[in-house]
file work-v7.txt (compact mmCIF, C-alpha atoms and all ligand atoms)
# COMPACT_ATOMS: atom_id res chain seq x y z
CA MET A 20 -7.43 -6.95 -5.17
CA CYS A 21 -4.98 -8.80 -2.95
CA THR A 22 -7.61 -10.42 -0.75
CA VAL A 23 -8.78 -12.56 -3.63
CA CYS A 24 -5.74 -13.13 -5.82
CA GLY A 25 -3.67 -14.94 -3.16
CA CYS A 26 -0.55 -13.35 -4.64
CA GLY A 27 1.59 -13.60 -1.54
CA GLU A 28 0.83 -17.08 -0.35
CA GLY A 29 3.83 -19.09 0.79
CA GLU A 30 6.20 -16.17 1.04
CA VAL A 31 5.96 -14.65 4.51
CA LYS A 32 9.06 -14.59 6.71
CA ILE A 33 9.22 -13.20 10.20
CA GLU A 34 12.75 -12.73 11.51
CA GLY A 35 13.75 -15.44 13.96
CA GLN A 36 10.65 -17.54 13.28
CA PRO A 37 10.09 -20.49 10.94
CA GLN A 38 8.57 -19.60 7.58
CA ARG A 39 4.78 -19.57 7.68
CA HIS A 40 2.98 -20.51 4.54
CA ALA A 41 -0.52 -19.56 5.56
CA LEU A 42 -0.05 -16.13 7.07
CA ILE A 43 -1.13 -13.93 4.20
CA ARG A 44 -4.55 -15.27 3.56
CA GLY A 45 -5.29 -15.83 7.23
CA LEU A 46 -8.00 -18.39 6.63
CA GLN A 47 -6.84 -20.82 9.29
CA PRO A 48 -7.91 -20.80 12.93
CA ALA A 49 -5.62 -19.01 15.37
CA HIS A 50 -2.16 -20.58 15.70
CA ASP A 51 -2.85 -23.67 13.73
CA HIS A 52 -1.47 -23.58 10.24
CA PRO A 53 -2.47 -26.59 8.21
CA HIS A 54 -2.30 -26.60 4.44
CA ASP A 55 -5.41 -25.15 2.94
CA HIS A 56 -6.33 -26.27 -0.54
CA HIS A 57 -9.12 -24.51 -2.30
CA HIS A 58 -10.95 -26.43 -4.97
CA HIS A 59 -12.83 -23.83 -6.88
CA GLY A 60 -15.63 -24.84 -9.18
CA HIS A 61 -15.38 -24.63 -12.93
CA THR A 62 -17.88 -21.93 -13.74
CA HIS A 63 -15.89 -19.38 -15.70
CA ASP A 64 -16.96 -15.85 -15.00
CA TYR A 65 -14.36 -13.28 -15.95
CA GLY A 66 -15.17 -10.63 -13.45
CA GLN A 67 -18.24 -8.81 -14.67
CA GLY A 68 -20.57 -7.66 -11.96
CA ALA A 69 -20.65 -5.79 -8.75
CA ALA A 70 -17.42 -6.89 -7.09
CA HIS A 71 -15.20 -4.88 -9.49
CA ALA A 72 -12.49 -7.50 -9.20
CA HIS A 73 -11.03 -9.91 -11.68
CA ALA A 74 -10.11 -13.50 -10.94
CA PRO A 75 -10.63 -15.73 -13.97
CA GLY A 76 -12.37 -18.96 -13.17
CA MET A 77 -14.02 -17.72 -10.03
CA THR A 78 -17.57 -16.50 -9.65
CA GLN A 79 -18.26 -13.09 -8.17
CA ALA A 80 -20.15 -14.69 -5.29
CA ARG A 81 -17.21 -16.95 -4.45
CA MET A 82 -14.81 -14.02 -4.60
CA VAL A 83 -16.94 -11.89 -2.31
CA GLN A 84 -17.18 -14.83 0.10
CA ILE A 85 -13.40 -15.30 0.16
CA GLU A 86 -12.85 -11.59 0.66
CA GLN A 87 -15.30 -11.54 3.56
CA ASP A 88 -13.61 -14.59 5.12
CA ILE A 89 -10.16 -13.08 4.86
CA LEU A 90 -11.13 -9.67 6.18
CA GLY A 91 -13.32 -11.22 8.90
CA LYS A 92 -10.45 -13.44 10.05
CA ASN A 93 -8.07 -10.49 9.92
CA ASN A 94 -10.42 -8.48 12.11
CA GLN A 95 -10.43 -11.25 14.72
CA TYR A 96 -6.64 -11.24 14.87
CA ALA A 97 -6.68 -7.44 14.97
CA ALA A 98 -9.02 -7.53 17.96
CA GLN A 99 -6.64 -9.93 19.74
CA ASN A 100 -3.69 -7.62 19.01
CA ARG A 101 -5.66 -4.58 20.19
CA GLN A 102 -6.51 -6.28 23.47
CA TRP A 103 -2.91 -7.41 24.00
CA LEU A 104 -1.71 -3.84 23.40
CA ALA A 105 -4.40 -2.31 25.62
CA GLU A 106 -3.50 -4.61 28.50
CA ARG A 107 0.03 -3.20 28.32
CA ALA A 108 -1.01 0.43 27.63
CA ILE A 109 1.01 0.36 24.40
CA LEU A 110 0.19 2.88 21.68
CA ALA A 111 0.41 1.17 18.28
CA LEU A 112 0.56 3.17 15.06
CA ASN A 113 0.33 1.80 11.54
CA LEU A 114 2.45 3.92 9.18
CA VAL A 115 1.26 3.70 5.61
CA SER A 116 2.39 5.40 2.40
CA SER A 117 3.71 4.95 -1.12
CA PRO A 118 7.26 3.61 -1.39
CA GLY A 119 9.87 6.23 -0.61
CA SER A 120 7.69 8.82 1.13
CA GLY A 121 10.19 8.87 4.00
CA LYS A 122 8.65 6.50 6.57
CA THR A 123 11.94 4.99 7.73
CA THR A 124 13.67 8.37 7.86
CA LEU A 125 10.79 9.82 9.85
CA LEU A 126 10.93 6.81 12.17
CA THR A 127 14.67 6.92 12.83
CA GLU A 128 14.43 10.66 13.58
CA THR A 129 11.46 10.03 15.87
CA LEU A 130 13.18 7.19 17.74
CA THR A 131 16.30 9.28 18.21
CA ARG A 132 14.25 12.10 19.74
CA LEU A 133 12.17 9.91 22.06
CA LYS A 134 14.86 7.45 23.09
CA GLY A 135 15.33 7.25 26.83
CA LYS A 136 11.96 8.99 27.38
CA VAL A 137 9.52 6.44 25.98
CA PRO A 138 9.97 2.66 25.48
CA MET A 139 9.61 1.91 21.77
CA ALA A 140 9.74 -0.95 19.29
CA VAL A 141 9.24 -1.25 15.55
CA VAL A 142 7.70 -3.83 13.24
CA GLU A 143 9.08 -3.40 9.73
CA GLY A 144 7.08 -4.66 6.78
CA ASP A 145 8.74 -5.01 3.40
CA GLN A 146 8.47 -7.45 0.56
CA GLN A 147 12.20 -8.29 0.62
CA THR A 148 15.31 -7.27 2.60
CA SER A 149 15.81 -6.18 6.17
CA ASN A 150 17.42 -2.86 5.18
CA ASP A 151 14.83 -0.77 7.02
CA ALA A 152 14.98 -2.90 10.18
CA ASP A 153 18.77 -2.49 10.12
CA ARG A 154 18.35 1.30 9.87
CA ILE A 155 15.96 1.21 12.84
CA ARG A 156 18.21 -1.02 14.95
CA ALA A 157 21.09 1.40 14.34
CA THR A 158 19.19 3.81 16.63
CA GLY A 159 19.29 1.20 19.43
CA VAL A 160 15.53 0.54 19.31
CA PRO A 161 14.43 -3.09 18.80
CA ALA A 162 12.96 -3.86 15.39
CA LEU A 163 11.54 -7.00 13.85
CA GLN A 164 11.37 -7.46 10.08
CA ILE A 165 8.45 -9.13 8.38
CA ASN A 166 9.10 -9.95 4.72
CA THR A 167 5.82 -10.37 2.91
CA GLY A 168 7.41 -11.77 -0.27
CA LYS A 169 4.93 -11.04 -3.04
CA GLY A 170 2.36 -9.82 -0.52
CA CYS A 171 1.48 -6.15 -0.67
CA HIS A 172 0.44 -5.46 2.94
CA LEU A 173 0.88 -6.60 6.53
CA ASP A 174 -2.04 -8.39 8.13
CA ALA A 175 -3.03 -8.72 11.76
CA HIS A 176 -1.97 -12.36 11.99
CA MET A 177 1.63 -11.52 11.00
CA VAL A 178 1.75 -8.65 13.47
CA GLY A 179 0.41 -10.92 16.24
CA HIS A 180 3.30 -13.32 15.64
CA ALA A 181 5.79 -10.45 15.55
CA LEU A 182 4.54 -9.36 18.98
CA GLU A 183 5.52 -12.79 20.34
CA SER A 184 9.21 -12.10 19.83
CA LEU A 185 9.54 -8.30 19.91
CA PRO A 186 10.55 -6.85 23.27
CA ILE A 187 8.18 -3.99 24.05
CA GLU A 188 7.61 -2.47 27.45
CA GLN A 189 4.44 -1.42 29.21
CA GLY A 190 3.36 2.11 28.26
CA GLY A 191 5.53 2.19 25.17
CA ILE A 192 4.93 3.01 21.51
CA LEU A 193 4.86 0.35 18.81
CA PHE A 194 5.47 1.70 15.32
CA ILE A 195 4.45 -0.57 12.46
CA GLU A 196 5.96 0.44 9.12
CA ASN A 197 3.65 -1.13 6.58
CA VAL A 198 4.63 -2.18 3.06
CA GLY A 199 4.84 0.89 0.78
CA ASN A 200 1.47 0.79 -0.95
CA LEU A 201 -1.45 3.20 -0.80
CA VAL A 202 -4.09 0.60 -1.66
CA CYS A 203 -4.14 -2.77 0.13
CA PRO A 204 -2.94 -1.82 3.64
CA ALA A 205 -6.06 0.36 3.93
CA ALA A 206 -8.25 -2.74 4.22
CA PHE A 207 -6.28 -4.51 6.95
CA ASP A 208 -6.72 -3.47 10.57
CA LEU A 209 -3.61 -4.55 12.49
CA GLY A 210 -5.00 -3.68 15.91
CA GLU A 211 -3.42 -0.22 15.82
CA ALA A 212 -4.83 2.86 17.52
CA HIS A 213 -4.38 4.95 14.36
CA LYS A 214 -3.26 4.68 10.80
CA VAL A 215 -0.87 7.50 9.96
CA VAL A 216 -0.53 8.21 6.25
CA ILE A 217 2.70 9.79 5.10
CA LEU A 218 2.48 11.71 1.85
CA SER A 219 5.59 13.39 0.50
CA VAL A 220 5.31 16.56 -1.53
CA THR A 221 7.11 14.98 -4.49
CA GLU A 222 4.15 12.65 -5.10
CA GLY A 223 1.61 15.28 -6.18
CA GLU A 224 -1.29 16.85 -4.33
CA ASP A 225 -3.95 14.64 -5.86
CA LYS A 226 -3.06 11.42 -4.00
CA PRO A 227 -5.88 11.73 -1.41
CA ILE A 228 -8.54 11.67 -4.11
CA LYS A 229 -6.73 9.03 -6.19
CA TYR A 230 -6.39 6.65 -3.20
CA PRO A 231 -9.33 7.73 -1.03
CA ASP A 232 -9.62 4.50 0.98
CA MET A 233 -6.22 5.00 2.53
CA PHE A 234 -6.78 8.65 3.40
CA HIS A 235 -10.21 7.80 4.76
CA ALA A 236 -8.71 5.10 6.99
CA ALA A 237 -6.04 7.41 8.41
CA ASP A 238 -6.51 9.74 11.37
CA LEU A 239 -3.35 11.73 10.69
CA MET A 240 -1.69 12.78 7.45
CA ILE A 241 1.95 13.75 7.61
CA LEU A 242 2.94 15.89 4.66
CA ASN A 243 6.64 15.05 4.50
CA LYS A 244 9.61 16.56 2.62
CA VAL A 245 8.25 20.10 2.98
CA ASP A 246 11.87 21.27 2.68
CA LEU A 247 11.48 20.55 -1.05
CA LEU A 248 8.41 22.77 -1.57
CA PRO A 249 10.42 25.73 -2.96
CA TYR A 250 11.56 23.50 -5.84
CA LEU A 251 8.21 21.96 -6.75
CA ARG A 252 4.80 22.83 -8.08
CA PHE A 253 2.84 21.27 -5.23
CA ASP A 254 -0.34 23.02 -4.05
CA VAL A 255 -0.43 22.44 -0.27
CA ALA A 256 -3.89 24.02 0.18
CA LYS A 257 -5.37 21.88 -2.58
CA CYS A 258 -3.78 18.72 -1.12
CA GLU A 259 -5.29 19.47 2.28
CA GLU A 260 -8.66 20.20 0.72
CA TYR A 261 -8.56 16.84 -1.11
CA ALA A 262 -7.59 15.02 2.10
CA ARG A 263 -10.48 16.64 4.00
CA ARG A 264 -12.85 15.84 1.17
CA VAL A 265 -12.30 12.11 1.83
CA LYS A 266 -11.80 12.44 5.61
CA PRO A 267 -13.27 15.67 6.99
CA ASP A 268 -11.64 15.36 10.43
CA ILE A 269 -8.18 14.16 9.33
CA GLN A 270 -5.37 15.89 11.19
CA ILE A 271 -2.53 17.21 9.04
CA LEU A 272 1.07 17.97 10.01
CA HIS A 273 3.78 19.49 7.83
CA VAL A 274 7.12 17.82 8.41
CA SER A 275 10.58 17.49 6.99
CA ALA A 276 12.20 14.38 8.39
CA THR A 277 15.56 15.52 7.05
CA SER A 278 15.57 19.21 8.10
CA GLY A 279 13.63 18.57 11.32
CA GLU A 280 10.90 21.10 10.51
CA GLY A 281 7.61 20.11 12.18
CA MET A 282 9.18 17.25 14.12
CA ASP A 283 8.34 18.80 17.49
CA THR A 284 4.63 18.97 16.60
CA TRP A 285 4.71 15.31 15.54
CA ILE A 286 6.43 14.31 18.78
CA ASP A 287 3.77 16.27 20.73
CA TRP A 288 1.02 14.49 18.79
CA LEU A 289 2.57 11.13 19.67
CA GLN A 290 2.77 11.97 23.36
CA GLN A 291 -0.88 13.06 23.38
CA GLN A 292 -2.06 9.74 21.91
CA ARG A 293 -0.46 7.57 24.60
CA PRO A 294 -2.99 5.81 26.82
N1 LIG B 301 14.33 16.17 1.05
C1 LIG B 301 13.84 15.23 1.86
N2 LIG B 301 14.11 13.94 1.64
C2 LIG B 301 13.60 13.03 2.49
C3 LIG B 301 12.80 13.38 3.59
N3 LIG B 301 12.43 12.24 4.25
C4 LIG B 301 13.00 11.24 3.57
N4 LIG B 301 13.70 11.70 2.51
C5 LIG B 301 14.45 10.92 1.51
O1 LIG B 301 13.53 10.13 0.78
C6 LIG B 301 14.13 8.87 0.41
C7 LIG B 301 13.27 7.72 0.88
O2 LIG B 301 13.23 7.73 2.29
P1 LIG B 301 12.87 6.45 3.17
O3 LIG B 301 12.87 6.91 4.58
O4 LIG B 301 13.74 5.30 2.81
O5 LIG B 301 11.40 6.17 2.65
P2 LIG B 301 10.42 4.96 3.02
O6 LIG B 301 9.04 5.48 2.97
O7 LIG B 301 10.86 4.33 4.28
O8 LIG B 301 10.69 3.99 1.80
P3 LIG B 301 10.14 2.46 1.63
O9 LIG B 301 10.32 1.77 2.95
O10 LIG B 301 11.01 1.91 0.55
O11 LIG B 301 8.71 2.60 1.23
C8 LIG B 301 15.53 8.88 1.04
O12 LIG B 301 16.46 9.27 0.07
C9 LIG B 301 15.40 9.92 2.15
O13 LIG B 301 16.62 10.52 2.48
C10 LIG B 301 12.53 14.76 3.81
O14 LIG B 301 11.83 15.19 4.74
N5 LIG B 301 13.06 15.63 2.90
ZN ZN B 302 -0.69 -17.96 13.96
ZN ZN B 303 11.17 2.34 4.74
call {"tool": "encode", "arguments": {"input": "work-v7.txt", "output": "C-alpha cells", "more": "lines below"}}
Ligand SMILES: Nc1nc2c(ncn2[C@@H]2O[C@H](COP(=O)(O)OP(=O)(O)OP(=O)(O)O)[C@@H](O)[C@H]2O)c(=O)[nH]1
Ligand SMILES: [Zn+2]
Ligand SMILES: [Zn+2]
result
Amino acid sequence: MCTVCGCGEGEVKIEGQPQRHALIRGLQPAHDHPHDHHHHGHTHDYGQGAAHAHAPGMTQARMVQIEQDILGKNNQYAAQNRQWLAERAILALNLVSSPGSGKTTLLTETLTRLKGKVPMAVVEGDQQTSNDADRIRATGVPALQINTGKGCHLDAHMVGHALESLPIEQGGILFIENVGNLVCPAAFDLGEAHKVVILSVTEGEDKPIKYPDMFHAADLMILNKVDLLPYLRFDVAKCEEYARRVKPDIQILHVSATSGEGMDTWIDWLQQQRP
C-alpha cells in the first residue's frame, strides 16, 4: 500500500510552485519541509501478519506506525482545508475513479453548464502531464495541475498548497480530479464535502465489490457512459446492488457526459450540496 512504500517521494510538482520533495508522505509539520531520513532497523520480516502489506526489511509494527503517522498527518491537513473551505462557503468535491472513466469530460461539460452561474475552480491530479488542466482551462475556469510523479493519489497537504494559488470565490464549487485509481485515494481525506466515484459502464458491474473501500468512501456514484449500454453486457441492477452492498445509502446517478443524458440531475445534485 502506498502509505508505506514511499513510492512517490520526491516527485510532486504543483504548477507555479517550487518542487516539494516531502509532500507525498506528509510526515513533516505544517509548512516546514526539511529532509526526513528514516533509518529503519535491520529486523527482516517479509510481511507476514496482520497488516496485509509487504515491505521487505520492515517489521509489521513499524509499518503500521508509519501508516498511522501518514494518515494522521493527512487528516490534520484535511481538517485545515475543510475549515478554510467552510469559512468561504465553498463546496469541495473529490472526484475519484479508474483511469478513463470520463472524469475530465464530465467536468468540462459541468463547467460549461454552470459557468456564469456559480464560481468554480479545479484542482487536477495526475502523475504526469497537464493535459487535463489544459482541457479544463479551455472552458475558461481556473485550474491548477498537481503532478504526483510516481504517487498514486492526492493528499491533503498537496491540496492545501494548491489552494494558496488557485483563485476561488466565496460560495463557489471546487472540483478536485484525483489520480485515476480506485484504491489509494480512498484512504486520503482532502477536506472535501463528498467523494464522488465515477464508474463507467465499460469497466464491468463488479467494481464496487472488487474495490469496496472506494465505494464505501463515496457518497455519490455516477454511472457514466450510459450511452454505450446498448452495445455492452453490463447489468445495471447488479452494479447498483453491489454498490449498495458496500454503501447502503450511496446515491446513484446515470449519466452520459458525451450525450448529455442525466447531466441535469447531476447539476441539480451539485446545487443542492452547496452550503
Ligand atoms: N461514449 C462515451 N464516452 C465517454 C463518456 N465520457 C467520457 N468518454 C470518453 O472516455 C474517454 C476518457 O475520458 P476522460 O474524460 O479523459 O477520462 P478521465 O477519467 O478524465 O481519464 P484520466 O484522467 O486519464 O483518468 C474519452 O475518449 C472520452 O471521450 C461518455 O459518457 N460516453
Ligand atoms: Zn506545506
Ligand atoms: Zn482526466
call {"tool": "residues_near_ligand", "arguments": {"input": "work-v7.txt", "ligand": "ligand ZN 303 (chain B)", "cutoff": "7 Å", "atoms": "only C-alpha atoms and all ligand atoms", "output": "count of residues only"}}
result
5
call {"tool": "atom_distance", "arguments": {"input": "work-v7.txt", "atom1": "atom CA of Ala175 of chain A", "atom2": "atom CA of His213 of chain A"}}
result
14.0 Å
call {"tool": "atom_distance", "arguments": {"input": "work-v7.txt", "atom1": "atom CA of Gln36 of chain A", "atom2": "atom CA of Leu110 of chain A"}}
result
24.4 Å
call {"tool": "atom_distance", "arguments": {"input": "work-v7.txt", "atom1": "atom CA of Lys257 of chain A", "atom2": "atom C8 of ligand LIG 301 (chain B)"}}
result
24.9 Å
call {"tool": "closest_residue", "arguments": {"input": "work-v7.txt", "among": "A:Gly76, A:Gly35, A:Gly170, A:Gly281", "to": "ligand LIG 301 (chain B)", "atoms": "only C-alpha atoms and all ligand atoms"}}
result
A:Gly281
call {"tool": "closest_atom_pairs", "arguments": {"input": "work-v7.txt", "of": "segment 90-163 of chain A", "to": "segment 191-212 of chain A", "cutoff": "8 Å", "atoms": "all atoms listed in the file", "output": "CSV"}}
result
residue,atom,partner,partner_atom,distance
A:Leu90,CA,A:Phe207,CA,7.1
A:Asn93,CA,A:Phe207,CA,6.9
A:Asn94,CA,A:Asp208,CA,6.4
A:Tyr96,CA,A:Leu209,CA,7.7
A:Ala97,CA,A:Gly210,CA,4.2
A:Ala98,CA,A:Gly210,CA,5.9
A:Gln99,CA,A:Gly210,CA,7.5
A:Asn100,CA,A:Gly210,CA,5.2
A:Arg101,CA,A:Gly210,CA,4.4
A:Ala108,CA,A:Gly191,CA,7.2
A:Ile109,CA,A:Gly191,CA,4.9
A:Leu110,CA,A:Ile192,CA,4.7
A:Ala111,CA,A:Leu193,CA,4.6
A:Leu112,CA,A:Phe194,CA,5.1
A:Asn113,CA,A:Ile195,CA,4.8
A:Leu114,CA,A:Glu196,CA,4.9
A:Val115,CA,A:Asn197,CA,5.5
A:Ser116,CA,A:Gly199,CA,5.4
A:Ser117,CA,A:Gly199,CA,4.6
A:Pro118,CA,A:Gly199,CA,4.2
A:Gly119,CA,A:Gly199,CA,7.5
A:Lys122,CA,A:Glu196,CA,7.1
A:Thr123,CA,A:Glu196,CA,7.6
A:Val137,CA,A:Gly191,CA,5.9
A:Pro138,CA,A:Gly191,CA,4.5
A:Met139,CA,A:Ile192,CA,4.8
A:Ala140,CA,A:Leu193,CA,5.1
A:Val141,CA,A:Phe194,CA,4.8
A:Val142,CA,A:Ile195,CA,4.7
A:Glu143,CA,A:Glu196,CA,5.0
A:Gly144,CA,A:Asn197,CA,4.9
A:Asp145,CA,A:Val198,CA,5.0
A:Gln146,CA,A:Val198,CA,7.0
call {"tool": "residues_near_point", "arguments": {"input": "work-v7.txt", "point": "(14.8, 4.1, 16.0)", "cutoff": "6 Å", "atoms": "all atoms listed in the file", "output": "list in words"}}
result
Thr127, Leu130, Thr131, Ile155, Thr158 and Val160 of chain A
call {"tool": "write_last_selection", "arguments": {"input": "work-v7.txt", "atoms": "C-alpha atoms", "output": "short mmCIF file (atom, residue, chain, number, x, y, z; two decimals), keeping the file's coordinate frame"}}
result
data_model
loop_
_atom_site.label_atom_id
_atom_site.label_comp_id
_atom_site.auth_asym_id
_atom_site.auth_seq_id
_atom_site.Cartn_x
_atom_site.Cartn_y
_atom_site.Cartn_z
CA THR A 127 14.67 6.92 12.83
CA LEU A 130 13.18 7.19 17.74
CA THR A 131 16.30 9.28 18.21
CA ILE A 155 15.96 1.21 12.84
CA THR A 158 19.19 3.81 16.63
CA VAL A 160 15.53 0.54 19.31
#
call {"tool": "closest_atom_pairs", "arguments": {"input": "work-v7.txt", "of": "segment 174-218 of chain A", "to": "segment 238-252 of chain A", "cutoff": "10 Å", "atoms": "only C-alpha atoms", "output": "CSV"}}
result
residue,atom,partner,partner_atom,distance
A:Ala212,CA,A:Asp238,CA,9.4
A:His213,CA,A:Asp238,CA,6.0
A:Lys214,CA,A:Asp238,CA,6.0
A:Val215,CA,A:Leu239,CA,5.0
A:Val216,CA,A:Met240,CA,4.9
A:Ile217,CA,A:Ile241,CA,4.7
A:Leu218,CA,A:Leu242,CA,5.1
call {"tool": "closest_residue", "arguments": {"input": "work-v7.txt", "among": "A:Phe234, A:Lys136, A:Lys92, A:Glu106", "to": "ligand ZN 302 (chain B)", "atoms": "only C-alpha atoms and all ligand atoms"}}
result
A:Lys92
call {"tool": "axis_aligned_box", "arguments": {"input": "work-v7.txt", "around": "segment 180-185 of chain A", "padding_each_side": "4 Å", "output": "JSON"}}
result
{"center_x": 6.4, "center_y": -10.8, "center_z": 17.9, "size_x": 14.2, "size_y": 13.0, "size_z": 12.8}
call {"tool": "closest_residue", "arguments": {"input": "work-v7.txt", "among": "A:Cys171, A:Val31, A:Met177, A:Val83", "to": "ligand ZN 302 (chain B)", "atoms": "only C-alpha atoms and all ligand atoms"}}
result
A:Met177
call {"tool": "closest_residue", "arguments": {"input": "work-v7.txt", "among": "A:Pro37, A:Glu188, A:Ile271, A:Asp232", "to": "ligand ZN 302 (chain B)", "atoms": "all atoms listed in the file"}}
result
A:Pro37
call {"tool": "closest_residue", "arguments": {"input": "work-v7.txt", "among": "A:Gly91, A:Pro75, A:His176, A:Ile85", "to": "ligand ZN 302 (chain B)", "atoms": "only C-alpha atoms and all ligand atoms"}}
result
A:His176
call {"tool": "closest_residue", "arguments": {"input": "work-v7.txt", "among": "A:Glu34, A:Asp88, A:Glu128, A:Asp174", "to": "ligand ZN 302 (chain B)", "atoms": "all atoms listed in the file"}}
result
A:Asp174
call {"tool": "build_atoms", "arguments": {"input": "work-v7.txt", "residues": "segment 265-277 of chain A", "atoms": "N, CA and C atoms", "output": "mmCIF file, in the frame of the given file"}}
result
data_model
loop_
_atom_site.group_PDB
_atom_site.id
_atom_site.type_symbol
_atom_site.label_atom_id
_atom_site.label_comp_id
_atom_site.auth_asym_id
_atom_site.auth_seq_id
_atom_site.Cartn_x
_atom_site.Cartn_y
_atom_site.Cartn_z
ATOM 1 N N VAL A 265 -12.077 13.540 1.553
ATOM 2 C CA VAL A 265 -12.300 12.110 1.830
ATOM 3 C C VAL A 265 -12.372 11.805 3.326
ATOM 4 N N LYS A 266 -11.771 12.664 4.149
ATOM 5 C CA LYS A 266 -11.800 12.440 5.610
ATOM 6 C C LYS A 266 -11.876 13.807 6.289
ATOM 7 N N PRO A 267 -13.095 14.290 6.507
ATOM 8 C CA PRO A 267 -13.270 15.670 6.990
ATOM 9 C C PRO A 267 -12.484 15.999 8.259
ATOM 10 N N ASP A 268 -12.315 15.034 9.169
ATOM 11 C CA ASP A 268 -11.640 15.360 10.430
ATOM 12 C C ASP A 268 -10.192 14.867 10.475
ATOM 13 N N ILE A 269 -9.585 14.627 9.313
ATOM 14 C CA ILE A 269 -8.180 14.160 9.330
ATOM 15 C C ILE A 269 -7.293 15.280 9.865
ATOM 16 N N GLN A 270 -6.350 14.912 10.714
ATOM 17 C CA GLN A 270 -5.370 15.890 11.190
ATOM 18 C C GLN A 270 -4.207 15.914 10.201
ATOM 19 N N ILE A 271 -3.605 17.070 10.038
ATOM 20 C CA ILE A 271 -2.530 17.210 9.040
ATOM 21 C C ILE A 271 -1.343 17.915 9.686
ATOM 22 N N LEU A 272 -0.156 17.326 9.529
ATOM 23 C CA LEU A 272 1.070 17.970 10.010
ATOM 24 C C LEU A 272 2.035 18.135 8.854
ATOM 25 N N HIS A 273 2.748 19.258 8.853
ATOM 26 C CA HIS A 273 3.780 19.490 7.830
ATOM 27 C C HIS A 273 5.134 19.176 8.453
ATOM 28 N N VAL A 274 5.881 18.296 7.805
ATOM 29 C CA VAL A 274 7.120 17.820 8.410
ATOM 30 C C VAL A 274 8.222 17.727 7.346
ATOM 31 N N SER A 275 9.431 17.936 7.782
ATOM 32 C CA SER A 275 10.580 17.490 6.990
ATOM 33 C C SER A 275 11.417 16.600 7.893
ATOM 34 N N ALA A 276 11.437 15.323 7.566
ATOM 35 C CA ALA A 276 12.200 14.380 8.390
ATOM 36 C C ALA A 276 13.687 14.667 8.304
ATOM 37 N N THR A 277 14.120 15.268 7.193
ATOM 38 C CA THR A 277 15.560 15.520 7.050
ATOM 39 C C THR A 277 15.984 16.860 7.661
#
